[in-house]
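Peer 1: Pasting target_14.cif here (mmCIF, C-alpha atoms):
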```cif
data_structure
#
loop_
_atom_site.label_atom_id
_atom_site.label_comp_id
_atom_site.auth_asym_id
_atom_site.auth_seq_id
_atom_site.Cartn_x
_atom_site.Cartn_y
_atom_site.Cartn_z
CA MET U 1 0.00 0.00 0.00
CA GLU U 2 1.41 3.37 -1.02
CA LEU U 3 1.95 5.85 1.82
CA LYS U 4 1.32 9.52 1.05
CA VAL U 5 2.30 12.20 3.56
CA TYR U 6 0.64 15.60 3.21
CA VAL U 7 2.76 18.35 4.76
CA HIS U 8 4.07 21.86 4.79
CA ARG U 9 7.59 21.87 6.23
CA LEU U 10 6.96 25.02 8.24
CA SER U 11 4.61 22.89 10.35
CA GLN U 12 6.32 21.50 13.44
CA PRO U 13 4.37 18.20 13.60
CA ALA U 14 4.69 17.75 9.84
CA ARG U 15 8.48 17.87 10.19
CA ALA U 16 8.40 15.27 12.94
CA VAL U 17 6.44 12.86 10.71
CA LEU U 18 8.79 13.42 7.76
CA ILE U 19 11.94 12.88 9.81
CA PHE U 20 10.51 9.74 11.37
CA CYS U 21 9.63 8.25 7.97
CA LYS U 22 13.12 8.99 6.68
CA MET U 23 14.85 7.65 9.81
CA ALA U 24 12.74 4.50 9.80
CA GLY U 25 13.33 3.83 6.11
CA ILE U 26 9.62 3.99 5.31
CA GLU U 27 8.91 4.59 1.63
CA PHE U 28 6.44 7.41 1.09
CA GLU U 29 5.41 10.20 -1.24
CA GLU U 30 5.64 13.71 0.21
CA ILE U 31 2.83 15.96 -0.97
CA PHE U 32 3.18 19.68 -0.31
CA ILE U 33 0.11 21.48 1.04
CA ASP U 34 0.50 25.24 0.77
CA LEU U 35 -0.71 26.75 4.03
CA THR U 36 -0.01 30.27 2.74
CA THR U 37 -2.79 29.87 0.15
CA LYS U 38 -5.03 27.89 2.53
CA GLN U 39 -4.80 24.77 0.39
CA GLN U 40 -5.51 22.78 3.55
CA LYS U 41 -9.07 24.17 3.47
CA THR U 42 -9.86 23.12 -0.09
CA PRO U 43 -12.58 20.51 -0.65
CA GLU U 44 -10.00 18.11 -2.07
CA PHE U 45 -7.84 18.19 1.03
CA LEU U 46 -10.81 18.17 3.39
CA GLU U 47 -11.64 14.77 1.91
CA ILE U 48 -8.35 13.61 3.45
CA ASN U 49 -8.50 15.57 6.70
CA PRO U 50 -11.88 17.18 7.53
CA LEU U 51 -10.09 19.29 10.17
CA GLY U 52 -8.12 21.06 7.44
CA GLN U 53 -4.67 20.69 9.01
CA VAL U 54 -1.31 19.13 8.23
CA PRO U 55 0.17 16.63 8.60
CA ALA U 56 -2.15 13.96 7.24
CA ILE U 57 -1.48 10.64 5.57
CA THR U 58 -3.20 8.20 3.29
CA HIS U 59 -2.15 4.55 3.44
CA GLY U 60 -4.13 2.40 1.10
CA LYS U 61 -7.78 3.27 1.79
CA THR U 62 -6.98 4.75 5.20
CA ASN U 63 -6.81 8.48 5.91
CA LEU U 64 -5.24 9.56 9.19
CA PHE U 65 -4.46 12.92 10.78
CA GLU U 66 -3.06 14.34 14.04
CA SER U 67 0.71 13.93 14.19
CA HIS U 68 0.90 11.82 17.35
CA ALA U 69 -1.64 9.36 15.98
CA ILE U 70 0.28 9.25 12.69
CA LEU U 71 3.61 8.59 14.43
CA ILE U 72 2.12 5.80 16.55
CA TYR U 73 0.44 4.27 13.51
CA LEU U 74 3.60 4.33 11.40
CA ALA U 75 5.72 2.91 14.23
CA SER U 76 3.21 0.08 14.58
CA ALA U 77 2.41 -0.59 10.92
CA PHE U 78 6.01 -0.72 9.65
CA PRO U 79 9.04 -2.67 10.90
CA VAL U 80 10.94 0.11 12.69
CA ALA U 81 13.54 0.10 15.45
CA ASP U 82 11.95 -0.64 18.83
CA HIS U 83 13.32 2.47 20.54
CA TRP U 84 10.98 4.73 18.55
CA TYR U 85 7.83 3.22 20.09
CA PRO U 86 8.82 0.27 22.28
CA SER U 87 6.91 -2.99 22.29
CA ASN U 88 7.01 -2.91 26.11
CA LEU U 89 3.55 -1.76 27.22
CA LEU U 90 4.77 0.34 30.14
CA LYS U 91 7.35 2.15 28.01
CA ARG U 92 4.67 2.84 25.40
CA ALA U 93 2.35 4.25 28.04
CA LYS U 94 5.08 6.57 29.31
CA ILE U 95 5.77 7.83 25.79
CA GLN U 96 2.05 8.41 25.36
CA SER U 97 2.03 10.45 28.57
CA VAL U 98 4.72 12.75 27.13
CA LEU U 99 2.78 13.15 23.89
CA ASP U 100 -0.45 13.97 25.74
CA TRP U 101 1.40 16.52 27.88
CA HIS U 102 2.99 18.03 24.78
CA HIS U 103 -0.25 19.12 23.13
CA SER U 104 -1.67 20.89 26.17
CA ASN U 105 1.59 22.48 27.33
CA LEU U 106 4.66 22.83 25.10
CA ARG U 107 2.70 23.04 21.84
CA ARG U 108 0.27 25.62 23.20
CA GLY U 109 3.14 27.71 24.50
CA ALA U 110 5.62 27.45 21.63
CA GLY U 111 3.15 27.46 18.76
CA THR U 112 1.11 30.36 20.09
CA TYR U 113 4.20 32.38 20.96
CA VAL U 114 5.92 31.99 17.60
CA MET U 115 2.73 32.62 15.64
CA ASN U 116 2.01 35.85 17.51
CA ALA U 117 5.62 37.02 17.70
CA ALA U 118 6.85 36.19 14.20
CA MET U 119 4.98 33.77 11.93
CA GLY U 120 1.44 35.13 11.83
CA PRO U 121 1.82 37.23 8.66
CA VAL U 122 2.88 34.12 6.72
CA ILE U 123 -0.72 32.87 6.89
CA GLY U 124 -2.36 36.28 6.91
CA LEU U 125 -2.63 36.87 10.66
CA PRO U 126 -1.42 40.00 12.49
CA LEU U 127 1.21 39.83 15.20
CA ASN U 128 -0.19 40.04 18.73
CA PRO U 129 2.36 41.05 21.40
CA GLN U 130 -0.11 40.53 24.25
CA ALA U 131 -0.90 36.96 23.18
CA ALA U 132 2.81 36.33 22.63
CA ALA U 133 3.66 37.48 26.16
CA LYS U 134 1.02 35.18 27.66
CA ALA U 135 2.20 32.24 25.57
CA GLU U 136 5.83 32.84 26.51
CA LYS U 137 4.98 32.15 30.15
CA LEU U 138 3.50 28.77 29.25
CA LEU U 139 6.42 28.03 26.93
CA CYS U 140 8.98 28.73 29.65
CA ALA U 141 7.01 26.70 32.19
CA SER U 142 6.97 23.82 29.70
CA LEU U 143 10.72 24.04 29.10
CA SER U 144 11.24 24.03 32.85
CA LYS U 145 9.13 20.86 33.18
CA ILE U 146 11.13 19.13 30.45
CA GLU U 147 14.37 20.16 32.17
CA SER U 148 13.35 19.03 35.64
CA PHE U 149 11.02 16.08 34.98
CA TRP U 150 10.94 14.54 31.50
CA LEU U 151 14.72 14.63 31.16
CA ASN U 152 15.33 12.68 34.34
CA GLY U 153 18.70 11.18 35.25
CA THR U 154 21.76 11.32 33.03
CA ALA U 155 20.38 9.62 29.91
CA PRO U 156 20.30 11.87 26.82
CA PHE U 157 16.65 11.40 25.87
CA LEU U 158 13.20 11.73 27.42
CA LEU U 159 12.13 9.28 30.13
CA GLY U 160 15.72 8.22 30.79
CA ALA U 161 16.17 6.59 27.39
CA ASN U 162 19.48 6.12 25.61
CA LEU U 163 17.91 6.34 22.15
CA PRO U 164 15.22 8.75 20.88
CA SER U 165 11.53 7.91 20.71
CA ILE U 166 8.73 9.50 18.71
CA ALA U 167 8.19 11.74 21.75
CA ASP U 168 11.71 13.18 21.51
CA LEU U 169 11.21 13.87 17.84
CA SER U 170 7.81 15.49 18.29
CA LEU U 171 8.88 17.79 21.12
CA VAL U 172 12.21 18.82 19.62
CA CYS U 173 10.56 19.71 16.30
CA GLU U 174 8.18 21.90 18.30
CA ILE U 175 11.01 23.77 20.00
CA MET U 176 12.86 24.20 16.70
CA GLN U 177 10.14 26.66 15.68
CA LEU U 178 12.03 29.16 17.84
CA GLU U 179 14.65 29.35 15.06
CA VAL U 180 12.56 32.01 13.31
CA LEU U 181 12.93 34.38 16.27
CA GLU U 182 15.55 37.05 16.72
CA GLU U 183 18.63 35.58 18.39
CA GLU U 184 18.11 37.73 21.49
CA ASP U 185 14.59 36.41 22.01
CA ARG U 186 15.60 32.80 21.34
CA ASN U 187 18.48 33.01 23.80
CA ARG U 188 16.26 34.63 26.44
CA ILE U 189 13.80 31.76 26.23
CA LEU U 190 16.16 28.79 25.87
CA GLY U 191 19.17 30.14 27.73
CA PRO U 192 18.25 28.98 31.26
CA TYR U 193 17.67 25.35 30.21
CA ARG U 194 21.04 23.65 29.79
CA LYS U 195 19.67 20.10 29.71
CA VAL U 196 17.01 21.03 27.18
CA LYS U 197 19.59 22.57 24.85
CA GLN U 198 21.81 19.48 25.10
CA TRP U 199 18.83 17.20 24.47
CA ILE U 200 17.97 19.18 21.33
CA GLU U 201 21.54 18.73 20.09
CA ASP U 202 21.48 15.01 20.93
CA THR U 203 18.22 14.55 19.02
CA LYS U 204 19.59 16.46 16.03
CA HIS U 205 22.72 14.29 16.02
CA ALA U 206 20.71 11.07 16.30
CA THR U 207 18.53 11.97 13.31
CA MET U 208 21.08 13.45 10.91
CA PRO U 209 21.20 14.11 8.00
CA HIS U 210 17.41 14.07 7.81
CA PHE U 211 16.93 16.55 10.65
CA ASP U 212 18.74 19.39 8.89
CA GLU U 213 17.32 18.52 5.47
CA VAL U 214 13.72 18.64 6.70
CA HIS U 215 14.35 21.81 8.74
CA LYS U 216 16.04 23.67 5.89
CA VAL U 217 12.85 25.57 5.03
CA LEU U 218 12.61 26.71 8.66
CA PHE U 219 16.26 27.79 8.76
CA ASN U 220 15.57 29.90 5.66
CA ALA U 221 12.34 31.34 7.00
CA LYS U 222 13.74 34.14 9.16
CA PRO U 223 15.23 36.30 6.37
CA ARG U 224 12.13 35.65 4.24
CA LEU U 225 9.89 36.80 7.08
CA GLN U 226 11.89 39.99 7.42
CA LYS U 227 11.49 40.67 3.67
CA ASN U 228 7.81 39.63 3.63
CA LEU U 229 8.52 36.98 0.99
CA PRO U 230 6.05 34.09 0.47
CA MET U 231 6.79 30.68 1.99
CA GLY U 232 6.33 28.41 -1.02
CA ALA U 233 7.47 24.88 -1.76
CA THR U 234 11.12 23.85 -1.62
CA ASN U 235 12.89 21.86 -4.30
CA THR U 236 12.28 18.63 -2.35
CA GLN U 237 8.52 19.10 -2.11
CA THR U 238 5.78 18.32 -4.61
CA GLN U 239 2.36 19.81 -5.13
CA PRO U 240 0.29 17.38 -7.21
CA ASN U 241 -3.31 17.75 -8.22
CA LEU U 242 -5.20 16.62 -5.13
CA LYS U 243 -8.22 15.50 -7.14
CA LEU U 244 -6.00 13.13 -9.09
CA SER U 245 -4.44 11.86 -5.87
CA LEU U 246 -7.85 11.17 -4.40
CA GLN U 247 -9.09 9.42 -7.53
CA SER U 248 -5.99 7.25 -7.71
CA LYS U 249 -6.69 5.67 -4.33
CA MET U 250 -10.39 5.01 -4.81
#
```
Using structure tokens, write down the structure that the file contains.
Peer 2:
Amino acid sequence: MELKVYVHRLSQPARAVLIFCKMAGIEFEEIFIDLTTKQQKTPEFLEINPLGQVPAITHGKTNLFESHAILIYLASAFPVADHWYPSNLLKRAKIQSVLDWHHSNLRRGAGTYVMNAAMGPVIGLPLNPQAAAKAEKLLCASLSKIESFWLNGTAPFLLGANLPSIADLSLVCEIMQLEVLEEEDRNRILGPYRKVKQWIEDTKHATMPHFDEVHKVLFNAKPRLQKNLPMGATNTQTQPNLKLSLQSKM
């Protein structure tokens, strides 16, 4: 069954799914969904994800969305290394606890802050300093919790693991969104969290060269934002006719 992954690489969870597929050696077709033109709200894409968000996947006759669900599905449906989503039930439950915490804490803080401090105009939204200030408090509280709780002991990865899981990948891709900020703001936010910064570097190292390749569009975003240039597809992304894609799998 052919796997299709619908993404925009400026999306944090979309990057996590792409890196995981590449690291796990899963064959897939990457399909670019242009968030800047609201392609995710077109009738064709809403057939794939009625919520109108990326990432989403189709695998055979199955459509699936929400990045954590996608990561768990892929780690279960394909023969991947056990450390990504261990077969041990207790270890799986602990990874799930991190992922659940992520959406209501780190993602709310980081995503809301970056959108209101820098990225909003990319999708036609104004910057909102008041909302950014409120989100920064949640972001810093989340980084503090990662530093003091999720990164327990001396192991390099979450939950005391020696190799990364889908939780490490998901959370680090979230934090990488801070790359679009001015260096002063990024250092103010991340500076106090030594263990978090080392964990980010360890996760990058463990997922090279795919980590940098998938994040290239993000690394290039800052100067484009400053010049008010559109965030279109990169050379490694495709934008096929969605109607044809839908018809081909019926």
Peer 1: Name the residues that the PyMOL selection byres ((chain U and resi 158) around 12) pulls out of this structure, and write them as a PDB file with C-alpha atoms, in the frame of the given file.
Peer 2:
```pdb
ATOM      1  CA  HIS U  83      13.320   2.470  20.540  1.00  0.00           C
ATOM      2  CA  TRP U  84      10.980   4.730  18.550  1.00  0.00           C
ATOM      3  CA  LYS U  91       7.350   2.150  28.010  1.00  0.00           C
ATOM      4  CA  LYS U  94       5.080   6.570  29.310  1.00  0.00           C
ATOM      5  CA  ILE U  95       5.770   7.830  25.790  1.00  0.00           C
ATOM      6  CA  GLN U  96       2.050   8.410  25.360  1.00  0.00           C
ATOM      7  CA  SER U  97       2.030  10.450  28.570  1.00  0.00           C
ATOM      8  CA  VAL U  98       4.720  12.750  27.130  1.00  0.00           C
ATOM      9  CA  LEU U  99       2.780  13.150  23.890  1.00  0.00           C
ATOM     10  CA  LYS U 145       9.130  20.860  33.180  1.00  0.00           C
ATOM     11  CA  ILE U 146      11.130  19.130  30.450  1.00  0.00           C
ATOM     12  CA  GLU U 147      14.370  20.160  32.170  1.00  0.00           C
ATOM     13  CA  SER U 148      13.350  19.030  35.640  1.00  0.00           C
ATOM     14  CA  PHE U 149      11.020  16.080  34.980  1.00  0.00           C
ATOM     15  CA  TRP U 150      10.940  14.540  31.500  1.00  0.00           C
ATOM     16  CA  LEU U 151      14.720  14.630  31.160  1.00  0.00           C
ATOM     17  CA  ASN U 152      15.330  12.680  34.340  1.00  0.00           C
ATOM     18  CA  GLY U 153      18.700  11.180  35.250  1.00  0.00           C
ATOM     19  CA  THR U 154      21.760  11.320  33.030  1.00  0.00           C
ATOM     20  CA  ALA U 155      20.380   9.620  29.910  1.00  0.00           C
ATOM     21  CA  PRO U 156      20.300  11.870  26.820  1.00  0.00           C
ATOM     22  CA  PHE U 157      16.650  11.400  25.870  1.00  0.00           C
ATOM     23  CA  LEU U 159      12.130   9.280  30.130  1.00  0.00           C
ATOM     24  CA  GLY U 160      15.720   8.220  30.790  1.00  0.00           C
ATOM     25  CA  ALA U 161      16.170   6.590  27.390  1.00  0.00           C
ATOM     26  CA  ASN U 162      19.480   6.120  25.610  1.00  0.00           C
ATOM     27  CA  LEU U 163      17.910   6.340  22.150  1.00  0.00           C
ATOM     28  CA  PRO U 164      15.220   8.750  20.880  1.00  0.00           C
ATOM     29  CA  SER U 165      11.530   7.910  20.710  1.00  0.00           C
ATOM     30  CA  ILE U 166       8.730   9.500  18.710  1.00  0.00           C
ATOM     31  CA  ALA U 167       8.190  11.740  21.750  1.00  0.00           C
ATOM     32  CA  ASP U 168      11.710  13.180  21.510  1.00  0.00           C
ATOM     33  CA  LEU U 169      11.210  13.870  17.840  1.00  0.00           C
ATOM     34  CA  SER U 170       7.810  15.490  18.290  1.00  0.00           C
ATOM     35  CA  LEU U 171       8.880  17.790  21.120  1.00  0.00           C
ATOM     36  CA  VAL U 172      12.210  18.820  19.620  1.00  0.00           C
ATOM     37  CA  LYS U 195      19.670  20.100  29.710  1.00  0.00           C
ATOM     38  CA  VAL U 196      17.010  21.030  27.180  1.00  0.00           C
ATOM     39  CA  GLN U 198      21.810  19.480  25.100  1.00  0.00           C
ATOM     40  CA  TRP U 199      18.830  17.200  24.470  1.00  0.00           C
ATOM     41  CA  ILE U 200      17.970  19.180  21.330  1.00  0.00           C
ATOM     42  CA  ASP U 202      21.480  15.010  20.930  1.00  0.00           C
ATOM     43  CA  THR U 203      18.220  14.550  19.020  1.00  0.00           C
TER      44      THR U 203
END
```
Peer 1: Using atom CA of U:Trp101 and atom CA of U:His68 as the two end points, give the distance in Å to one decimal.
Peer 2: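 About the pair atom CA of U:Trp101 and atom CA of U:His68: they are 11.5 Å apart.
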Peer 1: For U:Glu27, which of U:His102, U:His59, U:Lys204, U:Arg188 is the closest residue, counting all atoms listed in the file?
Peer 2: U:His59
Peer 1: Report, in Å with one decimal, the straight-line distance from atom CA of U:Lys134 to atom CA of U:Lys41.
Peer 2: 28.4 Å
Peer 1: Can you work out the spacing between atom CA of U:Asp185 and atom CA of U:Glu136 in Å, to one decimal?
Peer 2: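 Between atom CA of U:Asp185 and atom CA of U:Glu136 the gap is 10.5 Å.
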Peer 1: Identify which of the residues U:Met208, U:Cys173, U:Leu51, U:Met23 lies closest to U:Ala81, counting only C-alpha atoms when measuring atom-to-atom distances.
Peer 2: U:Met23
Peer 1: Hey, what's within 12 Å of U:Gln40 if we count only C-alpha atoms and toss same-chain stuff fewer than 2 positions away? As a list in words, please?
Peer 2: Tyr6, Val7, His8, Ile31, Phe32, Ile33, Asp34, Leu35, Thr36, Thr37, Lys38, Thr42, Pro43, Glu44, Phe45, Leu46, Glu47, Ile48, Asn49, Pro50, Leu51, Gly52, Gln53, Val54, Pro55, Ala56, Ile123 and Leu242 of chain U
Peer 1: The PyMOL selection byres ((chain U and resi 113) around 8) - which residues does that actually catch in the file I just gave you? List them as a PyMOL selection string.
Peer 2: chain U and resi 109-112+114-117+131-136+139
Peer 1: With 9 Å as the threshold, what does the neighbourhood of (0.7, 16.8, 15.2) contain in terms of residues, counting all atoms listed in the file? Coordinates are those of the file; answer as an NGL selection string.
Peer 2: :U and (11-14 or 16-17 or 54-56 or 65-71 or 103 or 170)
Peer 1: Which protein, DNA or RNA residues are at most 10 Å from (4.6, 31.0, 8.4) in the file's coordinates when you count only C-alpha atoms, listed as number ranges by chain?
Peer 2: U: 8-11, 35-36, 114-115, 118-125, 180, 218, 221-222, 224-225, 230-232
Peer 1: For stretch 34-41 of chain U, I'd like the enclosing box, axis-aligned and padded by 3 Å on every side, reported as lines of an AutoDock Vina configuration file with centre and edge lengths in Å to one decimal.
Peer 2:
```
center_x = -4.3
center_y = 26.5
center_z = 2.1
size_x = 15.6
size_y = 13.5
size_z = 9.9
```
Peer 1: Take the PyMOL selection byres ((chain U and resi 78) around 10), run it mentally on this structure, and tell me the resulting residues as a PyMOL selection string.
Peer 2: chain U and resi 21+24-26+73-77+79-81
Peer 1: Go ahead and save the picked residues with C-alpha atoms, as a PDB file, in the frame of the given file.
Peer 2:
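Okay, out25.pdb is ready:
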```pdb
ATOM      1  CA  CYS U  21       9.630   8.250   7.970  1.00  0.00           C
ATOM      2  CA  ALA U  24      12.740   4.500   9.800  1.00  0.00           C
ATOM      3  CA  GLY U  25      13.330   3.830   6.110  1.00  0.00           C
ATOM      4  CA  ILE U  26       9.620   3.990   5.310  1.00  0.00           C
ATOM      5  CA  TYR U  73       0.440   4.270  13.510  1.00  0.00           C
ATOM      6  CA  LEU U  74       3.600   4.330  11.400  1.00  0.00           C
ATOM      7  CA  ALA U  75       5.720   2.910  14.230  1.00  0.00           C
ATOM      8  CA  SER U  76       3.210   0.080  14.580  1.00  0.00           C
ATOM      9  CA  ALA U  77       2.410  -0.590  10.920  1.00  0.00           C
ATOM     10  CA  PRO U  79       9.040  -2.670  10.900  1.00  0.00           C
ATOM     11  CA  VAL U  80      10.940   0.110  12.690  1.00  0.00           C
ATOM     12  CA  ALA U  81      13.540   0.100  15.450  1.00  0.00           C
TER      13      ALA U  81
END
```
